[in-house]
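Participant: Provided herewith is a single structure, encoded as structure tokens, for subsequent inquiry.
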Amino acid sequence: MTMIEAIRDAHVVAMERDANVVAMGEDVGYFGGVFRCTAGLQKRFGVERCFDTPISELGIVGTAIGMAAYGLRPVVEIQFADYMYPAYDQIVSEAARLRYRSAGEFTCPLVVRMPTGGGIFGAQTHSQSPEALFTHVAGLKTVVPSNPRDAKGLLLAAIADPDPVIFLEPKRLYNGPFDGHFDRPSTPWSKHELGEVEDGVIEVPLGKAHIARAGAAATLIAYGTMVHVAHSAVDECGADVEVIDLRTLLPLDLEAIVASVNKTGRCIVLHEATLTSGFGAELAALVQAECFYALEAPVLRVAGWDTPYPHAQEHDYFPGPARVIRAIRAVLGG
Amino acid sequence: MTMIEAIRDAHVVAMERDANVVAMGEDVGYFGGVFRCTAGLQKRFGVERCFDTPISELGIVGTAIGMAAYGLRPVVEIQFADYMYPAYDQIVSEAARLRYRSAGEFTCPLVVRMPTGGGIFGAQTHSQSPEALFTHVAGLKTVVPSNPRDAKGLLLAAIADPDPVIFLEPKRLYNGPFDGHFDRPSTPWSKHELGEVEDGVIEVPLGKAHIARAGAAATLIAYGTMVHVAHSAVDECGADVEVIDLRTLLPLDLEAIVASVNKTGRCIVLHEATLTSGFGAELAALVQAECFYALEAPVLRVAGWDTPYPHAQEHDYFPGPARVIRAIRAVLGG
Amino acid sequence: MSDEVSPRLHVPAPAIRAGDTPDFSHVTIPRAGEVRRPAPDCGAEEMRDLAFSIIRVLNRQGEAVGPWAGALDEDTLRAGLRDMMMLRTYDARMLTAQRQGKISFYMQHLGEEAISCAFQRALRQGDMNFPTYRQAGLLVAAGYPLVKMMCQVYSNDGDPVRGRQLPVFYSSKEHGFFSISGNLATQYVQAVGWAMAAAIRGERHLAAGWIGDGSTAESDFHGALVFASTYKPPVILNIVNNQWAISTFQGIARGGAGTFAARAHGFGLPALRVDGNDYLAVHAAAQWAAERARRDLGPTLIEFVTYRVGGHSTSDDPSAYRPKEEGRAWPLGDPILRLKAHLIARGAWSDERHAQAEAEIAYQVAAAQKEAEAIGTLHGGRRPSPRDMFEDVFAKMPPHLLRQRHEMGY
Amino acid sequence: MSDEVSPRLHVPAPAIRAGDTPDFSHVTIPRAGEVRRPAPDCGAEEMRDLAFSIIRVLNRQGEAVGPWAGALDEDTLRAGLRDMMMLRTYDARMLTAQRQGKISFYMQHLGEEAISCAFQRALRQGDMNFPTYRQAGLLVAAGYPLVKMMCQVYSNDGDPVRGRQLPVFYSSKEHGFFSISGNLATQYVQAVGWAMAAAIRGERHLAAGWIGDGSTAESDFHGALVFASTYKPPVILNIVNNQWAISTFQGIARGGAGTFAARAHGFGLPALRVDGNDYLAVHAAAQWAAERARRDLGPTLIEFVTYRVGGHSTSDDPSAYRPKEEGRAWPLGDPILRLKAHLIARGAWSDERHAQAEAEIAYQVAAAQKEAEAIGTLHGGRRPSPRDMFEDVFAKMPPHLLRQRHEMGY
Ligand SMILES: Cc1ncc(C[n+]2csc(CCOP(=O)(O)OP(=O)(O)O)c2C)c(N)n1
Ligand SMILES: Cc1ncc(C[n+]2csc(CCOP(=O)(O)OP(=O)(O)O)c2C)c(N)n1
Ligand SMILES: [Mg+2]
Ligand SMILES: [Mg+2]
């Protein structure tokens with residue numbers, strides 16, 4: 001199953017279980033989404049449970065908040081994460097604070113899905129990874145799956161969650177894992193074990209990280225596409241590195257991180273978003289505070305450069321295996 | 001001179017020097033702003049250079065970008081930083097990237113002023129400190145003055161800057177320094193040496209931090225209101241702590257920070273914004289990476305709790321001297 | 001094109017400013033009873049004229065005239081008068097409490113009482129308002145306990161929202177009053193979403209969005225109209241045009257448009273423009289729009305024309321930007337006096353009964369205030385705990401917040 | 001109210017979907033020449049009818065008729081025809097280049113060529129368009145070099161924006177073409193700001209904002225109208241209604257409204273609705289609106305009615321959501337054929353000359369393409385350097401970026 005199919009499957013399972021689950025967004029209804037994540041839902045569940053919206057991200061999230069407060073469980077799609085900004089006020093000022101400001105009288109069980117990340121020559125407006133803009137906001141949960149199985153399980157958990165969840169889908173992973181090697185053909189998910197996804201409900205709880213690869217010499221913290229980049233970098237440099245796939249950025253599985261770094265004494269944080277004030281800053285800040293006496297080298301960050309996402313230069317922008325290997329060598333030598 | 005007067009004075013100086021400088025915003029024209037920062041400008045420079053706008057932060061920033069591209073230098077006011085979200089798309093997707101995406105053909109010399117921070121019982125929508133939402137965005141400069149003199153100088157530098165500058169004004173400092181002691185009357189700026197502001201042009205360059213207080217035992221990195229909190233905490237605990245007033249968060253004066261921490265070996269980062277993914281995360285991440293071998297204790301962060309800014313409990317929310325002192329003791333003991 | 005000229009920036013300004021003599025002669029006020037009442041299933045195109053006039057019921061003699069006069073019985077009207085008097089008294093008390101430093105901030109309704117009080121009486125249990133900070137009459141008319149309202153304002157231990165919100169940012173699901181945001185306009189589009197949810201579930205509830213004249217400039221106003229006109233859910237979109245947005249007169253937000261009500265036309269939605277100081281007109285318009293919603297005929301936009309007699313909030317002094325006496329010159333009069341006059345004209349009320357009601361209400365409000373203050377004020381008595389600060393960020397407290405709460409000592 | 005029913009969600013849908021037979025019989029097309037032409041200083045209220053009709057000049061016989069016929073001379077019209085042909089040929093070439101993998105992405109104008117090509121001819125040096133991705137005709141008509149356009153599309157070393165932008169996101173200040181954003185609608189309000197700046201400086205330049213039918217739902221559309229109606233700067237606000245927004249038909253964005261043009265009425269702005277496939281009508285409307293701007297009479301909103309014949313972009317296959325043949329059934333015809341017929345009817349053109357022009361243009365475009373490809377394509381030849389990636393984030397590179405560039409090895 002591709003990640004697209006897994007996401008679609010999660011919708012189907014959730015919509016069959018609970019009549020309150022509705023899906024909407026730009027091109028989401030009749031056509032089934034520009035990435036086809038909602039294909040077939042309108043036919044199956046009717047036009048009132050899966051429908052097209054006007055091109056207004058504000059309107060999509062704003063009305064979804066009203067629906068969620070009413071008692072529905074809307075799952076909305078923002079066509080690209082780069083287009084979430086018009087909805088940012090509704091997300092930050094409204095969805096995130098509704099439970100708090102009404103002391104639980106009104107709540108907002110809402111999932112906002114959005115494709116993130118680069119690698120498809122989408123340039124500045126089809127490549128962004130804005131996770132840190134959500135993790136800074138009290139009241140939001142932020143999730144980033146790295147494979148079809150997790151995507152389905154985490155999306156089901158997000159839909160079941162009583163609070164707003166930002167669900168970031170690395171679009172470069174939709175059809176197969178991408179390890180940062182632009183010059184190699186990528187394997188489809190059908191040939192990958194994480195592409196095997198069980199039918200029905202899968203439990204992948206929010207807030208629990210996954211040790212994607214065990215190792216003793218250093219800890220690589222990654223999520224989304226960068227999990228695969230981490231794997232390939234570790235494979236290539238041959239070091240005994242542990243890779244943590246965070247899955248959920250907030251709430252963060254700090255315990256898993258601390259246990260790993262206390263064991264390895266070395267840590268590298270990876271993400272595709274711009275470096276400065278990225279989520280890697282939070283991770284590095286936490287790790288140095290929690291594992292200070294275990295650390296044998298500074299926590300390094302490998303991230304997107306502090307520029308807009310360029311078009312022609314996207315391979316140079318993307319923090320690929322070469323940069324990760326350099327960082328691994330640096331922490332191991334440190 | 002109060003900080004309000006200093007900001008007004010910077011407007012006057014800039015508007016007299018350059019006919020392209022215009023000021024606008026909600027209640028900014030006839031009335032002179034809800035905090036009176038633009039009082040008198042409409043009378044002095046005419047209705048075409050200082051005017052009221054409709055209540056649309058999107059419209060304010062969006063039209064200002066068009067004006068800036070034309071060749072004006074708009075200085076716009078967002079009534080409270082909490083209300084900048086409707087303009088966030090225009091700031092992030094447009095102002096920040098215009099130079100980049102047009103390879104310098106179109107530029108955006110724009111200043112977006114906004115009062116930030118709590119301490120005035122403004123609750124969730126009149127208290128926020130969203131600086132980290134700007135520092136993550138390539139193409140934006142972010143400035144936070146801590147006193148009238150800096151406010152004037154930095155605002156002049158921001159207006160003269162060829163790129164968009166986010167100018168965050170700690171509203172709790174408008175009329176006098178605030179050191180976090182809610183139970184003590186605060187001194188007005190007129191009784192404070194930093195309230196003495198020279199006439200005409202003052203040079204306070206962007207990107208240069210200020211050592212607000214020299215010390216050898218630890219480094220406190222702060223900006224805005226927290227500079228004053230830092231001072232009072234240091235005074236009270238009697239330790240020999242250096243206080244850095246960043247003034248500009250981006251571009252960051254990393255050199256000043258590294259020099260100080262390499263000297264002191266201990267570092268605490270302060271801000272009022274929520275802890276997680278706050279700008280303190282970036283500072284901690286940088287300090288541990290740059291000064292790893294000098295650090296004798298983990299970099300600690302003292303910040304707002306990860307909740308919305310509450311109303312009745314705002315004294316409990318505000319990261320005041322007691323919490324800073326605890327952190328100082330912790331790093332010194334570490 | 002020989003007529004070319006250099007362009008200039010046209011900055012709308014009110015004719016009259018602070019220091020001048022108030023003058024509303026430019027405001028055209030149609031006579032009461034003059035505006036027609038189309039059937040609620042009338043197409044939006046057939047009733048465009050209603051966005052350019054003002055529906056009025058009460059004439060100068062206090063009579064209810066014309067097709068919008070409705071049939072409210074005397075008990076209901078007396079209850080309405082009481083609601084408005086209660087709200088005004090409550091406001092006065094809370095203003096004083098603010099000046100005494102017992103609360104941090106307050107926003108009053110002076111002159112606008114009819115709108116929220118009358119509107120609420122057209123709703124039913126299960127309908128939901130998405131109000132701004134100037135519609136506490138919705139709560140009063142819905143019978144929300146005064147003491148509870150005050151506890152919110154005092155941010156004391158009786159505050160249902162645990163001291164987290166600014167005064168007047170009430171919330172009561174049971175009373176059809178959605179939690180107030182503080183960010184202008186954001187809830188307008190949420191009201192549409194709430195109504196869409198009712199439509200998706202096929203449940204007979206309607207939503208009412210509320211927005212100020214100035215706030216119609218915000219993006220959410222547009223989002224609300226776009227989604228409302230697309231999916232036609234049972235929603236009433238109210239604009240309270242009280243002439244001012246803090247220091248900015250309504251011409252800045254309205255620009256060159258005829259009226260705010262006319263904004264609906266570009267969306268194919270029907271619009272009414274209503275005398276907001278006329279309890280009967282407000283009620284009749286609300287009833288008309290509610291009937292549309294209940295017959296699944298789609299959304300209605302209503303502009304209530306009124307005047308903000310008081311300051312914007314306790315942080316504001318309007319004499320800096322408009323004539324002090326402008327409120328008194330406002331041609332639509334005082335909503336309480338007008339309804340009182342109507343009831344007297346109907347023989348259902350008297351000056352004596354009015355005075356007595358005033359006294360009763362004053363007593364009731366004072367007693368409630370005493371009760372609320374006995375619990376606590378912003379600065380004393382029983383107040384929400386810092387512990388409360390960490391609750392309700394999420395349904396279940398995640399580890400990092402628990403840790404922060406412990407660090408705080410709770 | 002005995003007529004109460006449970007509400008339901010009304011989700012607009014096109015009558016005809018993929019697999020059905022195209023049918024535009026519900027689209028009312030007025031005869032050419034039928035719509036009146038008010039004086040440019042006509043008040044918005046006096047010309048509301050123009051938002052509900054379609055201004056058309058060219059009739060079925062290829063004659064220019066009615067009050068909007070204008071007086072474009074034959075040279076200008078031939079140049080216009082050439083612009084449109086050039087744009088269509090360019091599009092076809094670039095589409096092929098995309099299929100060949102030489103560029104990453106492309107967006108064509110098929111069927112919409114008249115709008116941008118004719119509009120530009122009503123502008124002057126110093127005026128500024130704020131275009132979307134479907135107005136490259138503005139550049140063609142302004143004489144922007146083809147090779148440069150292609151270099152942008154190829155992201156090669158000749159790309160004026162250094163490979164940073166998606167193909168078709170051109171930028172040319174000199175040619176009055178503002179850098180394209182990629183975020184829908186954001187630039188609509190910037191156009192208003194640009195015009196406000198011209199007004200503040202008192203300089204005789206106008207701005208033109210561009211937006212698609214679907215994108216009118218975005219907030220920036222509202223912001224633009226609010227600010228335009230408030231300050232009345234010299235701006236023309238264009239809506240290109242090509243019936244589709246990717247897979248979504250225009251009924252979703254328009255909701256129950258009569259037309260997109262009617263959105264202007266709620267703001268007191270004059271609106272025109274124009275046959276976007278009629279070069280003469282587009283030009284006449286643009287001219288009329290430009291005259292208003294140049295006489296400081298304020299903003300104009302224009303809805304151009306057209307049809308997106310091709311896919312949304314090279315990432316899109318429209319046969320999944322609409323009939324394959326719908327484009328051919330579109331009742332307003334093909335803009336190139338219509339102008340060609342007009343010129344022939346005027347005796348100023350012939351099939352032979354047309355064929356010859358086609359050949360010339362094909363040659364010219366092919367030559368330009370060869371030249372551009374000789375510089376490089378997305379994947380080969382001379383391409384922008386990674387070094388370019390770090391430039392222009394700021395006017396002056398701050399230390400952290402310099403450090404990152406060094407880390408990258410440049
Ligand atoms: C998004 C946002 N921008 C600005 C403000 C500040 N503000 C609070 S009330 C107000 C004026 C609102 O005027 P109007 O909508 O007419 O309502 P009224 O106060 O007259 O009832 C402003 C600008 C805000 N609360 N939210
Ligand atoms: C803010 C934003 N949201 C969504 C998109 C994705 N998107 C690109 S084009 C498009 C459809 C636009 O339709 P329309 O405005 O009618 O223009 P057309 O393509 O028909 O010319 C969408 C949804 C975007 N680019 N920006
Ligand atoms: Mg108002
Ligand atoms: Mg379209």
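Chain labels run A, B, ... following the order of the structure tokens; each chain numbers its residues from 1, and ligands are numbered from 1 in the order shown.
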Would you list the contacts of segment 97-103 of chain B as a ChimeraX atom specification, taking every protein, DNA or RNA residue within 10 Å and counting only C-alpha atoms, but skipping same-chain residues closer than 4 positions in sequence?

Facilitator: /A:124,307-308,310 /B:65,69,90-93,107-109,137-140,162-164 /D:159-166,169-173,178-181,388-395

Participant: DSSP on the backbone: what in segment 63-163 of chain C comes out alpha helix (DSSP H), as a ChimeraX atom specification?

Facilitator: /C:74-99,113-120,137-141,146-154

Participant: Contacts between chain B and chain C, please, where a residue of chain C counts if it comes within 8 Å (with only C-alpha atoms); show its shortest atom pair and distance in Å to one decimal, rows by chain and ascending number, as JSON lines.

Facilitator:
{"residue": "C:Leu9", "atom": "CA", "partner": "B:Glu48", "partner_atom": "CA", "distance": 6.2}
{"residue": "C:Val11", "atom": "CA", "partner": "B:Val47", "partner_atom": "CA", "distance": 7.1}
{"residue": "C:Ser104", "atom": "CA", "partner": "B:Phe121", "partner_atom": "CA", "distance": 6.6}
{"residue": "C:Ser155", "atom": "CA", "partner": "B:Ala312", "partner_atom": "CA", "distance": 5.9}
{"residue": "C:Asn156", "atom": "CA", "partner": "B:Ala312", "partner_atom": "CA", "distance": 8.0}
{"residue": "C:Gly163", "atom": "CA", "partner": "B:Ala312", "partner_atom": "CA", "distance": 4.8}
{"residue": "C:Arg164", "atom": "CA", "partner": "B:Pro310", "partner_atom": "CA", "distance": 4.5}
{"residue": "C:Gln165", "atom": "CA", "partner": "B:His311", "partner_atom": "CA", "distance": 5.4}
{"residue": "C:Leu166", "atom": "CA", "partner": "B:Ala123", "partner_atom": "CA", "distance": 5.7}
{"residue": "C:Gly182", "atom": "CA", "partner": "B:Thr125", "partner_atom": "CA", "distance": 6.0}
{"residue": "C:Asn183", "atom": "CA", "partner": "B:Tyr83", "partner_atom": "CA", "distance": 6.7}
{"residue": "C:Gly214", "atom": "CA", "partner": "B:Ile55", "partner_atom": "CA", "distance": 6.0}
{"residue": "C:Ser215", "atom": "CA", "partner": "B:Ile55", "partner_atom": "CA", "distance": 5.8}
{"residue": "C:Thr216", "atom": "CA", "partner": "B:Ile55", "partner_atom": "CA", "distance": 7.8}
{"residue": "C:Ala217", "atom": "CA", "partner": "B:Ile55", "partner_atom": "CA", "distance": 5.4}
{"residue": "C:Glu218", "atom": "CA", "partner": "B:Ser56", "partner_atom": "CA", "distance": 4.6}
{"residue": "C:Ser219", "atom": "CA", "partner": "B:Ser56", "partner_atom": "CA", "distance": 7.0}
{"residue": "C:Ile246", "atom": "CA", "partner": "B:Asp27", "partner_atom": "CA", "distance": 7.2}
{"residue": "C:Ser247", "atom": "CA", "partner": "B:Asp27", "partner_atom": "CA", "distance": 5.8}
{"residue": "C:Thr248", "atom": "CA", "partner": "B:Asp27", "partner_atom": "CA", "distance": 6.1}
{"residue": "C:Ile252", "atom": "CA", "partner": "B:Pro54", "partner_atom": "CA", "distance": 5.6}
{"residue": "C:Ala253", "atom": "CA", "partner": "B:Pro54", "partner_atom": "CA", "distance": 4.9}
{"residue": "C:Ala320", "atom": "CA", "partner": "B:Phe31", "partner_atom": "CA", "distance": 7.2}
{"residue": "C:Tyr321", "atom": "CA", "partner": "B:Phe31", "partner_atom": "CA", "distance": 6.4}
{"residue": "C:Leu378", "atom": "CA", "partner": "B:Ala312", "partner_atom": "CA", "distance": 6.4}
{"residue": "C:Arg383", "atom": "CA", "partner": "B:Ala312", "partner_atom": "CA", "distance": 7.8}
{"residue": "C:Pro384", "atom": "CA", "partner": "B:Ala312", "partner_atom": "CA", "distance": 7.3}
{"residue": "C:Ser385", "atom": "CA", "partner": "B:Gln313", "partner_atom": "CA", "distance": 7.5}
{"residue": "C:Pro386", "atom": "CA", "partner": "B:Gln313", "partner_atom": "CA", "distance": 5.9}
{"residue": "C:Met389", "atom": "CA", "partner": "B:Pro310", "partner_atom": "CA", "distance": 6.7}
{"residue": "C:Phe390", "atom": "CA", "partner": "B:Thr307", "partner_atom": "CA", "distance": 6.4}
{"residue": "C:Val393", "atom": "CA", "partner": "B:Thr307", "partner_atom": "CA", "distance": 6.2}
{"residue": "C:Leu401", "atom": "CA", "partner": "B:Asp306", "partner_atom": "CA", "distance": 6.7}
{"residue": "C:Gln404", "atom": "CA", "partner": "B:Trp305", "partner_atom": "CA", "distance": 6.8}

Participant: Output N, CA and C atoms for every residue in the selection just made, as a compact mmCIF listing (two decimals), in the first residue's frame.

Facilitator:
# COMPACT_ATOMS: atom_id res chain seq x y z
N LEU C 9 -4.59 59.95 -2.84
CA LEU C 9 -5.16 58.99 -1.89
C LEU C 9 -6.40 59.62 -1.27
N VAL C 11 -8.78 59.55 1.59
CA VAL C 11 -8.90 58.98 2.94
C VAL C 11 -10.23 59.44 3.53
N SER C 104 -10.12 44.03 35.62
CA SER C 104 -9.05 44.64 34.83
C SER C 104 -9.56 45.47 33.67
N SER C 155 -12.92 37.28 37.26
CA SER C 155 -11.90 36.23 37.19
C SER C 155 -11.68 35.59 38.55
N ASN C 156 -12.77 35.38 39.28
CA ASN C 156 -12.61 34.77 40.60
C ASN C 156 -12.82 33.25 40.53
N GLY C 163 -10.62 31.95 35.11
CA GLY C 163 -9.75 33.12 35.10
C GLY C 163 -8.90 33.26 33.87
N ARG C 164 -9.17 32.44 32.89
CA ARG C 164 -8.26 32.44 31.73
C ARG C 164 -8.53 33.55 30.74
N GLN C 165 -9.76 34.06 30.77
CA GLN C 165 -10.16 35.02 29.74
C GLN C 165 -10.32 36.43 30.28
N LEU C 166 -10.17 37.40 29.39
CA LEU C 166 -10.49 38.78 29.71
C LEU C 166 -11.94 38.88 30.19
N GLY C 182 -11.81 37.12 21.12
CA GLY C 182 -10.91 38.27 21.30
C GLY C 182 -10.27 38.69 20.00
N ASN C 183 -10.06 37.73 19.12
CA ASN C 183 -9.62 38.08 17.77
C ASN C 183 -10.88 38.42 16.98
N GLY C 214 -16.66 47.66 11.90
CA GLY C 214 -15.24 47.74 11.58
C GLY C 214 -14.67 46.38 11.21
N SER C 215 -15.13 45.36 11.88
CA SER C 215 -14.56 44.03 11.69
C SER C 215 -14.96 43.36 10.39
N THR C 216 -15.95 43.93 9.70
CA THR C 216 -16.31 43.34 8.40
C THR C 216 -15.14 43.41 7.42
N ALA C 217 -14.15 44.25 7.72
CA ALA C 217 -12.98 44.33 6.84
C ALA C 217 -12.10 43.09 6.95
N GLU C 218 -12.25 42.36 8.04
CA GLU C 218 -11.39 41.18 8.24
C GLU C 218 -11.71 40.07 7.25
N SER C 219 -10.73 39.23 7.03
CA SER C 219 -10.84 38.13 6.08
C SER C 219 -11.96 37.15 6.43
N ILE C 246 -13.42 51.49 17.57
CA ILE C 246 -12.56 52.32 18.43
C ILE C 246 -12.64 53.75 17.92
N SER C 247 -11.55 54.31 17.37
CA SER C 247 -11.56 55.72 16.97
C SER C 247 -11.92 55.92 15.51
N THR C 248 -12.19 54.81 14.82
CA THR C 248 -12.34 54.88 13.38
C THR C 248 -13.82 54.85 13.01
N ILE C 252 -14.48 54.18 7.09
CA ILE C 252 -13.20 53.55 6.75
C ILE C 252 -13.42 52.10 6.34
N ALA C 253 -14.25 51.39 7.06
CA ALA C 253 -14.48 49.98 6.72
C ALA C 253 -15.45 49.83 5.55
N ALA C 320 -11.65 62.02 22.55
CA ALA C 320 -10.46 62.39 21.79
C ALA C 320 -10.71 62.36 20.29
N TYR C 321 -11.78 61.68 19.87
CA TYR C 321 -11.95 61.56 18.42
C TYR C 321 -13.37 61.83 17.90
N LEU C 378 -10.47 40.22 41.02
CA LEU C 378 -9.21 39.91 40.33
C LEU C 378 -8.05 39.83 41.31
N ARG C 383 -9.50 32.92 44.23
CA ARG C 383 -9.18 33.11 42.82
C ARG C 383 -8.77 31.77 42.21
N PRO C 384 -8.84 31.67 40.89
CA PRO C 384 -8.41 30.41 40.28
C PRO C 384 -6.95 30.14 40.64
N SER C 385 -6.59 28.90 40.71
CA SER C 385 -5.24 28.53 41.11
C SER C 385 -4.30 28.54 39.91
N PRO C 386 -3.03 28.78 40.15
CA PRO C 386 -2.06 28.65 39.06
C PRO C 386 -2.13 27.26 38.43
N MET C 389 -4.03 27.02 35.33
CA MET C 389 -3.37 27.55 34.15
C MET C 389 -2.92 26.43 33.21
N PHE C 390 -2.62 25.27 33.78
CA PHE C 390 -2.07 24.17 32.96
C PHE C 390 -3.14 23.20 32.45
N VAL C 393 -5.30 22.77 28.27
CA VAL C 393 -4.54 23.03 27.04
C VAL C 393 -4.83 21.87 26.09
N LEU C 401 3.84 19.43 29.97
CA LEU C 401 3.05 20.39 30.75
C LEU C 401 3.00 20.00 32.22
N GLN C 404 6.08 21.14 33.70
CA GLN C 404 6.10 22.58 33.93
C GLN C 404 5.24 22.93 35.15

Participant: Quick one: of D:Pro270, D:Gly376, D:Pro335, D:Gly276, who's nearest to chain C, counting only C-alpha atoms?

Facilitator: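 Smallest separation from chain C among the options: D:Pro270.
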
Participant: Can you pull out every residue with an atom within 8 Å of ligand 4? Use only C-alpha atoms and all ligand atoms and format it as a VMD selection string.

Facilitator: chain D and resid 212 to 215 240 to 246 250 308
